[in-house]
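S.K.: Before we start, here is the structure in question, set down as structure tokens.
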Amino acid sequence: MRSKLKLGRRDALTLAAGATLAATAVASADVALSCWTGYPELVSWYKERGDAYAKDHPGFSLNVLSTTLREHEQKLAAAMPTGTGPDLFDVGLILSVNFIEAGLIKPNPPDIDKQIKSGAYAKVSLDQFTVDGKTYGLPILFSTPALFWNKAYFREAGLTQAPQTFVEVMDYAKKLVKFDNTGKMTRSGISLRLSGQGSGIGEKWRFLLEPAGGSLIAATPSGKWHQNYDNEAGRAATKFYIDAVQVHRVDDPKILHDADAFVSGTTAMLLREAWVIGEIQQKAPNLEYDVAPMPRWTAAAAGPHKTLVGQDGLYVSAKSKNQQAAYDFMKFLTTAESTVLLTQKSGWVGGRTDVDWSPLLKQIPQYAGFVNPPRDMQFYVDPAISPWNEIETKIANQLTTAYVDPNMEDPQKLADFIHKCAMDTDQILKDADMYGPA
Amino acid sequence: MPSAATLSVGRAPARSIGIRLRRIRHRLRIPLFCYIALLPVLALFLYVRIIPIGFGFVLSLYRWNMISPRKPFVGLANYIQLFGDENFIAALKNTTIYSFATVILTTILALPLAVFLSRQSRLSPFYQTIYFLPVITPLIPMSIAWKWIYDYNYGVLNYLLSLVGLPAVPWLTDPSIALWAVILMTVWKQLGYAMVLYLVGLRNIPQEYTEAASIDGATDTQRFWRVTLPLLRPILLYVLVTSSISSFNVFAQVYVMTVGSQTAPGNALRVLVYDIYTNAFQFLHMGYASAEAVMLTMIVLGLTLIQFRAVRTDTAKET
């Protein structure tokens, strides 16, 4: 009886100890990851993926915070250095390069490094996510612009296919533009980015500058940079915009612009990324449209297809207390299945290139313009240097003035304007100690 | 053993010191209590206001990138760079035009409105409410609403113009009009606030003064310029100072109205706080943005002092 009682106590103590250990183990398995995104349209995808991951990982929970892209960048810039940022976040290379330089993002652990080098991503992605031989983060979006064209308007104007060159773009736009009796434009031939805040204007200008043979900045052999648009390409790209607004009047700053214009039928052509497809599905599902690759600059054989790749990455904060869990969830978010789901849910094209897009293409064939680019398509990227945002934003500011300035029809004034912008760009590089002469 | 007389002589100064200390303690009791009671608020004010302002000044002497760990001391280089910065100069010019225009227009419109509404009338409270409504409506939704009102294609303002056969105006996309469109919206928003303050001032003017002026044969206009306006100057000073400070700090409405792909080109709507915001949070140049903020503080401080001198001195003379 006594011995029984003794054993009972031992049992009770053992059980209590076991229960305590088990409880500790459960508590340590409970992980609440915070995730910040600058794309509100990705929130439902993050949440869905979080729920799916939690099924196999009991105790896992995901808190997603979303704001507009610019606010997201500002929040990250303020929170990351102070250690109050999220465990996991998506952001463009413009900002991630600053975090990498400041040690706020660590190089990828071996399994993530292996994934990015596995061939699942385009070479341009691997190059962009590699800094000094080490990889950082994983591409989540592979965003390229292409030409959206309204098939009904084209048919009405007697045009049968999308323009192949920017010369054709202007010719077609002249046929597609419409005015009312008072001379007020009611439909633009092409919706160009003529005004607005931030670097987007500079980015859209580069859609033409790069095919024309220039670039905003170019690297020197010594690893420094200098402007690369105070040349024929820079003048030609700017002249295209000025001609569109002032000479041929195929676009007007006063008319509705951007995706809203294409969705509402206020423009016949638009150069934009795949997310516009999602907008069309939601707001104008009966719109007759197609997507063509970014036109060449001149006659088909003379110049290459060139398009910008905007790559946003997923990163784990170096100050996160849940790094292991965050990296594991990041791998889950970047599986082929998650990538297709991302595109289906948000309209953005996911970061992997090794996925089977055929079910999606069967459903929405317009995605072909993004996921199956022409074989000779050349991709260019935003240089991963810290003053890039300032360079692109500051030229954007000047371009918007030039587009509507009647003096810019004078070639000399245009050349002077481009020269001045180029000197400003070099000055920003000098201030950042990144300038090297051509 | 000392005598009682010696004792009383020795104790007298000690007693008087004690009495004096008690009196001082008694006199300080209430102020001391007040200061101790205020201490948490003062500490909070120091923490959230004074220290950040001081730290902002320190930042302005550094090349302080928000993310980069390298933050070299550059002395006055940020200030020198400001004077060659086209964006800063454009922002300063726009902000000055905006501030002077809004303050002058608000004052010119609010004062007669207040005089008119100060008269006893059954509809007066109704009109006061109507004019005050924009003040209590949040600025951001109002800015979005005004952006739509100003829309070139679908805006109600251009629709009204079309009813009388006038052509549509590109309110927010024409660089020569855009700033004035924002000024108009701000005047609409601030008018009620200035009007209510003037109304309070007008109602506090003793009727004896105006009655005496009437008995002396003064006309309505003379009564206004010679009696009402001089007595209203403290309120006028308050409205001028607070309106100028808030006008120089304009940001929200400009930010909201320039978001999107249809806004005035270039620097047409760039204002100082927007430029500070861009440099600080977009380009991460905290030091440079702080130098701009210090300049803004100096401008507002200078303007306030000028207003105090111009209006307060005259008030002193009048009284």
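FYI, nothing fancy with the structure tokens labels: chains A, B, ... in order, residues from 1 per chain, ligands from 1 as they appear.
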Give me the chain B side of the contact with chain A, cut-off 8 Å, one line per residue showing its nearest atom pair and distance in Å at one decimal, counting only C-alpha atoms, sorted by chain and residue number, as CSV.
M.R.:
residue,atom,partner,partner_atom,distance
B:Met66,CA,A:Ala77,CA,6.9
B:Ile67,CA,A:Pro81,CA,6.1
B:Ser68,CA,A:Ala102,CA,5.3
B:Pro69,CA,A:Ala102,CA,6.2
B:Tyr152,CA,A:Lys254,CA,6.3
B:Asn153,CA,A:Ile255,CA,7.0
B:Pro170,CA,A:Lys254,CA,6.4
B:Thr173,CA,A:Lys254,CA,6.3
B:Thr258,CA,A:Gly196,CA,6.4
B:Val259,CA,A:Gln197,CA,6.1
B:Gly260,CA,A:Gly196,CA,5.4
B:Ser261,CA,A:Gly196,CA,4.5
B:Gln262,CA,A:Ser195,CA,5.9
B:Thr263,CA,A:Gly196,CA,5.4
B:Ala264,CA,A:Ser195,CA,6.7
B:Pro265,CA,A:Thr400,CA,4.9
B:Gly266,CA,A:Asn397,CA,4.8
B:Asn267,CA,A:Asn397,CA,7.0
B:Phe281,CA,A:Gln74,CA,5.6
B:Gln282,CA,A:Gln74,CA,6.9
B:Phe283,CA,A:Glu390,CA,5.6
B:Leu284,CA,A:Ala77,CA,7.8
S.K.: Next, the residues of the selection above should be written as a tab-separated table (two decimals), in the first residue's frame with N, CA and C atoms.
M.R.:
chain	number	residue	atom	x	y	z
B	66	MET	N	18.74	57.27	-43.51
B	66	MET	CA	17.93	56.58	-42.50
B	66	MET	C	18.39	55.14	-42.30
B	67	ILE	N	18.85	54.50	-43.36
B	67	ILE	CA	19.19	53.08	-43.24
B	67	ILE	C	20.69	52.86	-43.06
B	68	SER	N	21.49	53.64	-43.80
B	68	SER	CA	22.93	53.40	-43.79
B	68	SER	C	23.54	53.68	-42.42
B	69	PRO	N	24.46	52.84	-41.99
B	69	PRO	CA	25.11	53.10	-40.70
B	69	PRO	C	26.13	54.25	-40.78
B	152	TYR	N	-11.25	67.09	-64.68
B	152	TYR	CA	-11.46	67.78	-65.96
B	152	TYR	C	-12.66	67.21	-66.73
B	153	ASN	N	-12.78	65.88	-66.70
B	153	ASN	CA	-13.81	65.24	-67.52
B	153	ASN	C	-15.14	65.03	-66.79
B	170	PRO	N	-8.77	72.77	-66.92
B	170	PRO	CA	-7.95	71.69	-66.34
B	170	PRO	C	-7.42	72.10	-64.96
B	173	THR	N	-4.44	69.87	-63.67
B	173	THR	CA	-3.38	69.44	-64.59
B	173	THR	C	-2.66	70.60	-65.25
B	258	THR	N	-2.21	65.25	-55.64
B	258	THR	CA	-1.21	64.94	-56.66
B	258	THR	C	-0.97	63.44	-56.80
B	259	VAL	N	-1.68	62.65	-56.01
B	259	VAL	CA	-1.56	61.19	-56.14
B	259	VAL	C	-2.25	60.76	-57.43
B	260	GLY	N	-1.63	59.78	-58.12
B	260	GLY	CA	-2.26	59.27	-59.33
B	260	GLY	C	-1.57	59.80	-60.58
B	261	SER	N	-2.16	59.45	-61.71
B	261	SER	CA	-1.48	59.76	-62.96
B	261	SER	C	-2.00	61.03	-63.61
B	262	GLN	N	-2.86	61.78	-62.94
B	262	GLN	CA	-3.38	63.00	-63.54
B	262	GLN	C	-3.19	64.19	-62.61
B	263	THR	N	-2.02	64.76	-62.66
B	263	THR	CA	-1.75	65.93	-61.82
B	263	THR	C	-0.94	66.94	-62.60
B	264	ALA	N	-0.72	68.09	-61.96
B	264	ALA	CA	0.07	69.13	-62.62
B	264	ALA	C	1.50	68.64	-62.80
B	265	PRO	N	2.12	68.98	-63.93
B	265	PRO	CA	3.47	68.49	-64.19
B	265	PRO	C	4.52	69.18	-63.32
B	266	GLY	N	5.63	68.50	-63.20
B	266	GLY	CA	6.82	69.08	-62.57
B	266	GLY	C	6.60	69.57	-61.16
B	267	ASN	N	7.11	70.78	-60.91
B	267	ASN	CA	7.09	71.32	-59.55
B	267	ASN	C	5.90	72.24	-59.29
B	281	PHE	N	11.70	60.47	-46.63
B	281	PHE	CA	11.17	59.11	-46.64
B	281	PHE	C	11.27	58.41	-47.99
B	282	GLN	N	11.47	59.17	-49.06
B	282	GLN	CA	11.64	58.51	-50.35
B	282	GLN	C	13.12	58.31	-50.67
B	283	PHE	N	13.89	59.40	-50.48
B	283	PHE	CA	15.32	59.30	-50.79
B	283	PHE	C	16.15	58.97	-49.55
B	284	LEU	N	15.49	58.96	-48.40
B	284	LEU	CA	16.10	58.60	-47.11
B	284	LEU	C	17.19	59.57	-46.66
S.K.: Excluding Ile136 of chain B and residues on its chain fewer than 2 positions from it, collect all residues at most 12 Å away from it, counting only C-alpha atoms, and give them as a PDB file with C-alpha atoms, in the first residue's frame.
M.R.:
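Saved the output as part.pdb:
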ATOM      1  CA  THR B 129     -23.093  76.132 -38.884  1.00  0.00           C
ATOM      2  CA  ILE B 130     -22.983  75.946 -42.665  1.00  0.00           C
ATOM      3  CA  TYR B 131     -19.732  77.930 -42.859  1.00  0.00           C
ATOM      4  CA  PHE B 132     -18.191  75.966 -39.993  1.00  0.00           C
ATOM      5  CA  LEU B 133     -19.009  72.515 -41.405  1.00  0.00           C
ATOM      6  CA  PRO B 134     -15.902  72.292 -43.666  1.00  0.00           C
ATOM      7  CA  PRO B 138     -11.588  65.499 -42.099  1.00  0.00           C
ATOM      8  CA  LEU B 139      -9.049  66.894 -44.530  1.00  0.00           C
ATOM      9  CA  ILE B 140      -8.146  63.717 -46.418  1.00  0.00           C
ATOM     10  CA  PRO B 141     -11.672  62.710 -47.516  1.00  0.00           C
ATOM     11  CA  MET B 142     -12.360  66.347 -48.348  1.00  0.00           C
ATOM     12  CA  TRP B 188     -13.140  76.958 -48.257  1.00  0.00           C
ATOM     13  CA  LYS B 189     -11.867  74.679 -45.466  1.00  0.00           C
ATOM     14  CA  GLN B 190     -10.435  77.425 -43.211  1.00  0.00           C
ATOM     15  CA  LEU B 191     -13.024  80.134 -43.693  1.00  0.00           C
ATOM     16  CA  GLY B 192     -15.364  78.896 -40.973  1.00  0.00           C
ATOM     17  CA  TYR B 193     -12.590  78.657 -38.377  1.00  0.00           C
TER      18      TYR B 193
END
S.K.: Report the distance between atom CA of Phe154 of chain A and atom CA of Pro295 of chain A in Å, rounded to one decimal place.
M.R.: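 Separation of atom CA of Phe154 of chain A and atom CA of Pro295 of chain A: 16.4 Å.
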S.K.: Report the residues of segment 119-248 of chain A whose backbone DSSP state falls under strand (DSSP E), written as a VMD selection string.
M.R.: chain A and resid 130 to 131 134 to 135 138 to 143 146 to 150 178 to 179 185 to 187 215 to 219 225 to 228
S.K.: Given the choices B:Ala181, B:Ala310, B:Asp216, B:Gly201, which gets closest to Val254 of chain B if the distance is worked out from only C-alpha atoms?
M.R.: B:Ala181
